[in-house]
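Trainee: Here you go, one structure.
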Amino acid sequence: MAAFLELRNVSKGYGSGENRVEVLKNINLSIEEGEFIAIVGFTGSGKTTLISLIAGLIEPDEGEILLKGQKINGPGPDRGVIFQNYSLLPWLSVFGNIELAVKQVFPNMSPVDRADHIAKYIEMVNLTPAIQKKPSELSGGMRQRVSVARALAMDPEVLLMDEPLSALDALTRGTLQMEIEKIWYESRKTVVLITNDVDEGILLADRVIPLTPGPGATLGTEYKIGFSRPRDKAAINADPNFKKERNDIINYLDEIGQHRSVNNGEEYVLPDLQPKYLSTKLPLI
């Protein structure tokens with residue numbers, strides 16, 4: 001039986017001739033419906049290129065990407081994307097930004113049903129009091145909540161997250177990590193998270209898969225995360241299995257990074273490896 005989402009021998013490069021750079025090479029990945037996958041990698045390894053390929057924003061040079069057995073040939077409402085930079089229209093309110101996307105996906109939904117549908121997802125991300133505020137009136141964490149609500153309101157089959165929390169401060173990031181885990185637990189969407197934070201991957205995902213340093217990056221050894229759900233951040237931080245998983249992934253990343261640096265004479269930047277032992281009792285951002 002075919003996987004729900006599948007990447008088969010996918011490669012992607014940019015430029016031509018001597019300026020050609022092979023960003024990704026021979027990416028193979030099978031994801032089951034409802035699974036939460038975290039891809040963790042080095043700066044410049046092609047993580048955003050990978051998420052753009054799955055979203056259909058760019059096409060692979062080789063290989064194919066299949067969703068429910070059908071080849072992906074472009075963007076579609078079956079894949080929702082949450083970017084780093086919020087991508088909100090400044091002249092629209094929280095409601096208006098989400099409504100714009102909902103109208104595109106559900107053009108025949110009645111105004112009453114549409115309003116109820118949007119309100120449901122705004123409440124899900126704890127933004128009901130800010131429903132009529134403009135992006136300029138919101139904090140960075142609140143803006144990212146709008147992006148999450150907008151993507152969920154489109155009811156995609158796959159949720160793609162391209163380092164959505166990387167620009168936030170540690171407290172806001174910790175709060176939103178738990179919000180995302182809660183939302184996933186309730187909705188069971190298929191999720192692909194791109195992150196440079198090993199702890200974040202372990203906290204949220206069913207599998208953490210490193211992306212090797214580029215050029216020609218490919219997927220490395222995968223790590224299955226066995227913590228029960230819903231997850232408690234404080235309990236996981238205190239669990240010896242968390243420390244072992246974390247050390248295993250960090251050691252692997254360090255090993256492949258050093259190997260690439262020595263062989264190619266290149267510098268590499270490790271993902272965020274600092275421990276984040278944050279309380280789960282954080283204020284809403």
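Convention: chains lettered A, B, ... in structure tokens order; per-chain residue numbering from 1; ligands numbered from 1 as shown.
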Do you know which residues are at most 8 Å from range 207-216 of chain A counting only C-alpha atoms, after dropping those on the same chain fewer than 5 positions away, and could you put them as a list in words?
Mentor: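 Counting only the stated atoms, we get Val21, Glu22, Val23, Leu24, Lys25, Phe36, Ile37, Ala38, Ile39, Val40, Gly41, Phe42, Gly44, Ser45, Gly46, Lys47, Gly201, Ile202, Thr221, Glu222, Tyr223, Lys224, Ile225, Ile249, Leu253, Ile256, Gly257, Arg260 and Tyr268 of chain A.
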Trainee: Give me a file of those residues, with N, CA, C and O atoms, as a compact mmCIF listing (two decimals), in the first residue's frame.
Mentor:
# COMPACT_ATOMS: atom_id res chain seq x y z
N VAL A 21 24.34 24.61 -8.74
CA VAL A 21 24.43 24.11 -7.38
C VAL A 21 23.33 23.06 -7.17
O VAL A 21 22.14 23.37 -7.32
N GLU A 22 23.74 21.84 -6.85
CA GLU A 22 22.77 20.78 -6.55
C GLU A 22 22.40 20.90 -5.07
O GLU A 22 23.18 20.55 -4.19
N VAL A 23 21.22 21.40 -4.81
CA VAL A 23 20.80 21.67 -3.44
C VAL A 23 20.38 20.38 -2.74
O VAL A 23 20.85 20.06 -1.64
N LEU A 24 19.49 19.62 -3.36
CA LEU A 24 18.98 18.37 -2.79
C LEU A 24 19.27 17.23 -3.76
O LEU A 24 19.15 17.40 -4.98
N LYS A 25 19.58 16.07 -3.23
CA LYS A 25 19.92 14.94 -4.09
C LYS A 25 19.32 13.65 -3.52
O LYS A 25 19.53 13.30 -2.37
N PHE A 36 3.33 13.13 12.13
CA PHE A 36 4.01 14.42 12.33
C PHE A 36 5.51 14.17 12.15
O PHE A 36 6.13 13.47 12.94
N ILE A 37 6.07 14.75 11.09
CA ILE A 37 7.47 14.55 10.75
C ILE A 37 8.23 15.87 10.94
O ILE A 37 7.75 16.93 10.53
N ALA A 38 9.40 15.81 11.54
CA ALA A 38 10.26 16.98 11.67
C ALA A 38 11.54 16.74 10.89
O ALA A 38 12.22 15.74 11.10
N ILE A 39 11.85 17.66 9.98
CA ILE A 39 13.11 17.63 9.24
C ILE A 39 14.02 18.68 9.88
O ILE A 39 13.71 19.87 9.89
N VAL A 40 15.14 18.22 10.44
CA VAL A 40 16.07 19.13 11.09
C VAL A 40 17.37 19.14 10.31
O VAL A 40 17.84 18.10 9.85
N GLY A 41 17.93 20.33 10.11
CA GLY A 41 19.12 20.39 9.29
C GLY A 41 19.95 21.62 9.51
O GLY A 41 19.63 22.49 10.32
N PHE A 42 21.03 21.69 8.77
CA PHE A 42 22.00 22.77 8.88
C PHE A 42 21.51 24.00 8.12
O PHE A 42 20.72 23.90 7.19
N GLY A 44 21.37 26.50 5.38
CA GLY A 44 21.76 26.42 3.97
C GLY A 44 21.75 25.03 3.39
O GLY A 44 22.25 24.81 2.28
N SER A 45 21.12 24.07 4.09
CA SER A 45 21.13 22.69 3.59
C SER A 45 20.00 22.40 2.60
O SER A 45 19.98 21.34 1.98
N GLY A 46 19.06 23.33 2.45
CA GLY A 46 17.98 23.12 1.49
C GLY A 46 16.65 22.79 2.12
O GLY A 46 15.76 22.26 1.45
N LYS A 47 16.47 23.13 3.40
CA LYS A 47 15.22 22.80 4.08
C LYS A 47 14.03 23.52 3.46
O LYS A 47 12.97 22.92 3.24
N GLY A 201 11.93 19.51 17.39
CA GLY A 201 11.59 18.30 16.65
C GLY A 201 11.21 17.15 17.55
O GLY A 201 10.22 16.45 17.32
N ILE A 202 11.99 16.95 18.62
CA ILE A 202 11.71 15.85 19.55
C ILE A 202 10.39 16.09 20.27
O ILE A 202 9.60 15.17 20.48
N THR A 221 19.86 9.42 8.82
CA THR A 221 19.25 8.44 9.72
C THR A 221 18.03 9.05 10.41
O THR A 221 18.10 10.15 10.95
N GLU A 222 16.91 8.34 10.40
CA GLU A 222 15.71 8.85 11.07
C GLU A 222 15.65 8.36 12.50
O GLU A 222 16.16 7.29 12.84
N TYR A 223 15.00 9.15 13.35
CA TYR A 223 14.87 8.84 14.77
C TYR A 223 13.39 8.83 15.13
O TYR A 223 12.70 9.85 15.00
N LYS A 224 12.89 7.70 15.58
CA LYS A 224 11.50 7.59 16.00
C LYS A 224 11.37 8.08 17.44
O LYS A 224 12.13 7.68 18.31
N ILE A 225 10.39 8.96 17.65
CA ILE A 225 10.18 9.57 18.96
C ILE A 225 8.99 8.88 19.62
O ILE A 225 7.88 8.92 19.08
N ILE A 249 20.83 12.51 18.27
CA ILE A 249 20.62 13.33 17.08
C ILE A 249 21.73 14.37 16.94
O ILE A 249 22.28 14.58 15.85
N LEU A 253 24.36 14.74 13.89
CA LEU A 253 24.50 15.97 13.12
C LEU A 253 25.94 16.48 13.16
O LEU A 253 26.50 16.93 12.15
N ILE A 256 28.13 14.16 10.81
CA ILE A 256 27.99 14.37 9.37
C ILE A 256 28.43 15.76 8.98
O ILE A 256 28.94 15.98 7.87
N GLY A 257 28.27 16.73 9.89
CA GLY A 257 28.73 18.08 9.60
C GLY A 257 30.24 18.17 9.52
O GLY A 257 30.80 18.78 8.61
N ARG A 260 31.49 16.42 6.28
CA ARG A 260 31.34 17.23 5.09
C ARG A 260 32.35 18.37 5.08
O ARG A 260 32.95 18.70 4.05
N TYR A 268 30.28 24.77 8.15
CA TYR A 268 28.88 24.43 8.31
C TYR A 268 28.39 25.01 9.62
O TYR A 268 29.17 25.28 10.53
Trainee: Just want the 12 Å neighbourhood of Leu100 in chain A, counted on only C-alpha atoms, with same-chain residues fewer than 2 positions away dropped. Output as a list of chain:residue names.
Mentor: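 Those residues are A:Leu88, A:Leu89, A:Leu92, A:Ser93, A:Val94, A:Phe95, A:Gly96, A:Asn97, A:Ile98, A:Val102, A:Lys103, A:Gln104, A:Val105, A:Phe106, A:Pro107, A:Arg114, A:Ala115, A:Ile118, A:Arg150, A:Ala151, A:Ala153, A:Met154.
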Trainee: For the residues in the current selection, export N, CA, C and O atoms as a PDB file, in the first residue's frame.
Mentor:
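Below is the file selection-v4.pdb, written as the result:
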ATOM      1  N   LEU A  88       0.980  38.191   6.328  1.00  0.00           N
ATOM      2  CA  LEU A  88      -0.350  38.748   6.570  1.00  0.00           C
ATOM      3  C   LEU A  88      -0.504  40.068   5.826  1.00  0.00           C
ATOM      4  O   LEU A  88       0.446  40.839   5.685  1.00  0.00           O
ATOM      5  N   LEU A  89      -1.716  40.327   5.356  1.00  0.00           N
ATOM      6  CA  LEU A  89      -2.006  41.599   4.698  1.00  0.00           C
ATOM      7  C   LEU A  89      -2.254  42.651   5.778  1.00  0.00           C
ATOM      8  O   LEU A  89      -3.159  42.492   6.606  1.00  0.00           O
ATOM      9  N   LEU A  92      -5.839  44.209   6.573  1.00  0.00           N
ATOM     10  CA  LEU A  92      -6.939  43.345   6.988  1.00  0.00           C
ATOM     11  C   LEU A  92      -6.795  42.954   8.456  1.00  0.00           C
ATOM     12  O   LEU A  92      -5.692  42.839   8.976  1.00  0.00           O
ATOM     13  N   SER A  93      -7.928  42.720   9.099  1.00  0.00           N
ATOM     14  CA  SER A  93      -7.930  42.266  10.490  1.00  0.00           C
ATOM     15  C   SER A  93      -7.548  40.795  10.564  1.00  0.00           C
ATOM     16  O   SER A  93      -7.344  40.134   9.536  1.00  0.00           O
ATOM     17  N   VAL A  94      -7.454  40.291  11.786  1.00  0.00           N
ATOM     18  CA  VAL A  94      -7.230  38.852  11.986  1.00  0.00           C
ATOM     19  C   VAL A  94      -8.302  38.073  11.225  1.00  0.00           C
ATOM     20  O   VAL A  94      -7.992  37.147  10.458  1.00  0.00           O
ATOM     21  N   PHE A  95      -9.553  38.445  11.431  1.00  0.00           N
ATOM     22  CA  PHE A  95     -10.664  37.776  10.738  1.00  0.00           C
ATOM     23  C   PHE A  95     -10.510  37.901   9.232  1.00  0.00           C
ATOM     24  O   PHE A  95     -10.678  36.923   8.484  1.00  0.00           O
ATOM     25  N   GLY A  96     -10.194  39.112   8.752  1.00  0.00           N
ATOM     26  CA  GLY A  96     -10.113  39.356   7.316  1.00  0.00           C
ATOM     27  C   GLY A  96      -9.000  38.573   6.643  1.00  0.00           C
ATOM     28  O   GLY A  96      -9.172  38.077   5.520  1.00  0.00           O
ATOM     29  N   ASN A  97      -7.844  38.451   7.297  1.00  0.00           N
ATOM     30  CA  ASN A  97      -6.749  37.682   6.722  1.00  0.00           C
ATOM     31  C   ASN A  97      -7.120  36.210   6.557  1.00  0.00           C
ATOM     32  O   ASN A  97      -6.784  35.588   5.547  1.00  0.00           O
ATOM     33  N   ILE A  98      -7.822  35.677   7.536  1.00  0.00           N
ATOM     34  CA  ILE A  98      -8.226  34.272   7.445  1.00  0.00           C
ATOM     35  C   ILE A  98      -9.369  34.111   6.455  1.00  0.00           C
ATOM     36  O   ILE A  98      -9.414  33.149   5.675  1.00  0.00           O
ATOM     37  N   VAL A 102     -10.077  31.468   3.268  1.00  0.00           N
ATOM     38  CA  VAL A 102     -11.243  30.581   3.317  1.00  0.00           C
ATOM     39  C   VAL A 102     -12.130  30.773   2.089  1.00  0.00           C
ATOM     40  O   VAL A 102     -12.663  29.813   1.533  1.00  0.00           O
ATOM     41  N   LYS A 103     -12.288  32.016   1.641  1.00  0.00           N
ATOM     42  CA  LYS A 103     -13.101  32.277   0.449  1.00  0.00           C
ATOM     43  C   LYS A 103     -12.523  31.598  -0.783  1.00  0.00           C
ATOM     44  O   LYS A 103     -13.265  31.144  -1.662  1.00  0.00           O
ATOM     45  N   GLN A 104     -11.194  31.556  -0.872  1.00  0.00           N
ATOM     46  CA  GLN A 104     -10.553  30.916  -2.016  1.00  0.00           C
ATOM     47  C   GLN A 104     -10.785  29.412  -2.024  1.00  0.00           C
ATOM     48  O   GLN A 104     -10.997  28.803  -3.071  1.00  0.00           O
ATOM     49  N   VAL A 105     -10.738  28.806  -0.847  1.00  0.00           N
ATOM     50  CA  VAL A 105     -10.857  27.345  -0.755  1.00  0.00           C
ATOM     51  C   VAL A 105     -12.321  26.895  -0.734  1.00  0.00           C
ATOM     52  O   VAL A 105     -12.664  25.858  -1.304  1.00  0.00           O
ATOM     53  N   PHE A 106     -13.180  27.695  -0.081  1.00  0.00           N
ATOM     54  CA  PHE A 106     -14.596  27.333   0.048  1.00  0.00           C
ATOM     55  C   PHE A 106     -15.474  28.461  -0.518  1.00  0.00           C
ATOM     56  O   PHE A 106     -16.172  29.160   0.229  1.00  0.00           O
ATOM     57  N   PRO A 107     -15.460  28.660  -1.835  1.00  0.00           N
ATOM     58  CA  PRO A 107     -16.182  29.800  -2.423  1.00  0.00           C
ATOM     59  C   PRO A 107     -17.696  29.713  -2.261  1.00  0.00           C
ATOM     60  O   PRO A 107     -18.383  30.747  -2.330  1.00  0.00           O
ATOM     61  N   ARG A 114     -19.288  30.664   6.985  1.00  0.00           N
ATOM     62  CA  ARG A 114     -17.903  31.090   6.867  1.00  0.00           C
ATOM     63  C   ARG A 114     -17.451  31.804   8.137  1.00  0.00           C
ATOM     64  O   ARG A 114     -16.354  31.563   8.640  1.00  0.00           O
ATOM     65  N   ALA A 115     -18.310  32.674   8.667  1.00  0.00           N
ATOM     66  CA  ALA A 115     -17.964  33.394   9.895  1.00  0.00           C
ATOM     67  C   ALA A 115     -17.776  32.431  11.059  1.00  0.00           C
ATOM     68  O   ALA A 115     -16.837  32.571  11.860  1.00  0.00           O
ATOM     69  N   ILE A 118     -14.441  30.484  10.556  1.00  0.00           N
ATOM     70  CA  ILE A 118     -13.265  31.298  10.870  1.00  0.00           C
ATOM     71  C   ILE A 118     -13.140  31.495  12.376  1.00  0.00           C
ATOM     72  O   ILE A 118     -12.047  31.379  12.947  1.00  0.00           O
ATOM     73  N   ARG A 150      -5.029  30.504   9.879  1.00  0.00           N
ATOM     74  CA  ARG A 150      -5.354  30.623   8.454  1.00  0.00           C
ATOM     75  C   ARG A 150      -5.101  29.307   7.730  1.00  0.00           C
ATOM     76  O   ARG A 150      -5.933  28.849   6.935  1.00  0.00           O
ATOM     77  N   ALA A 151      -3.960  28.686   8.002  1.00  0.00           N
ATOM     78  CA  ALA A 151      -3.643  27.418   7.349  1.00  0.00           C
ATOM     79  C   ALA A 151      -4.630  26.325   7.753  1.00  0.00           C
ATOM     80  O   ALA A 151      -5.110  25.558   6.918  1.00  0.00           O
ATOM     81  N   ALA A 153      -7.718  26.740   8.843  1.00  0.00           N
ATOM     82  CA  ALA A 153      -9.065  27.061   8.362  1.00  0.00           C
ATOM     83  C   ALA A 153      -9.280  26.635   6.921  1.00  0.00           C
ATOM     84  O   ALA A 153     -10.418  26.436   6.480  1.00  0.00           O
ATOM     85  N   MET A 154      -8.178  26.475   6.172  1.00  0.00           N
ATOM     86  CA  MET A 154      -8.279  25.987   4.796  1.00  0.00           C
ATOM     87  C   MET A 154      -8.501  24.476   4.757  1.00  0.00           C
ATOM     88  O   MET A 154      -8.721  23.916   3.680  1.00  0.00           O
TER      89      MET A 154
END
Trainee: Go through A:Val10, A:Ala170, A:Leu219, A:Ala205 and flag the residue nearest Tyr185 in chain A, using only C-alpha atoms for the distances.
Mentor: A:Ala205
Trainee: Extract, using only C-alpha atoms, all DNA, RNA and protein residues at most 7 Å from range 67-70 of chain A, discarding same-chain residues fewer than 4 positions from it, and format them as a VMD selection string.
Mentor: chain A and resid 2 4 to 6
Trainee: Between A:Ala3, A:Asp61, A:Gly15, A:Arg143, single out the one closest to Ile31 in chain A, counting only C-alpha atoms.
Mentor: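 Answer, going by the shortest atom-to-atom distance: A:Ala3.
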Trainee: Which parts of range 64-198 of chain A does DSSP call helix (DSSP H, G or I) when run on the backbone here, written out as a ChimeraX atom specification?
Mentor: /A:94-105,111-124,128-130,135-137,140-153,170-187,198
Trainee: Using only C-alpha atoms, can you tell me which of A:Lys133, A:Lys182, A:Lys244, A:Arg188 comes closest to Arg231 in chain A?
Mentor: A:Lys182
Trainee: Choose the residue, out of A:Phe83, A:Trp184, A:Tyr121, A:Phe242, that has the smallest atom-to-atom separation from Ser166 in chain A; count only C-alpha atoms.
Mentor: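 That would be A:Phe83, the residue with the smallest distance to Ser166 in chain A.
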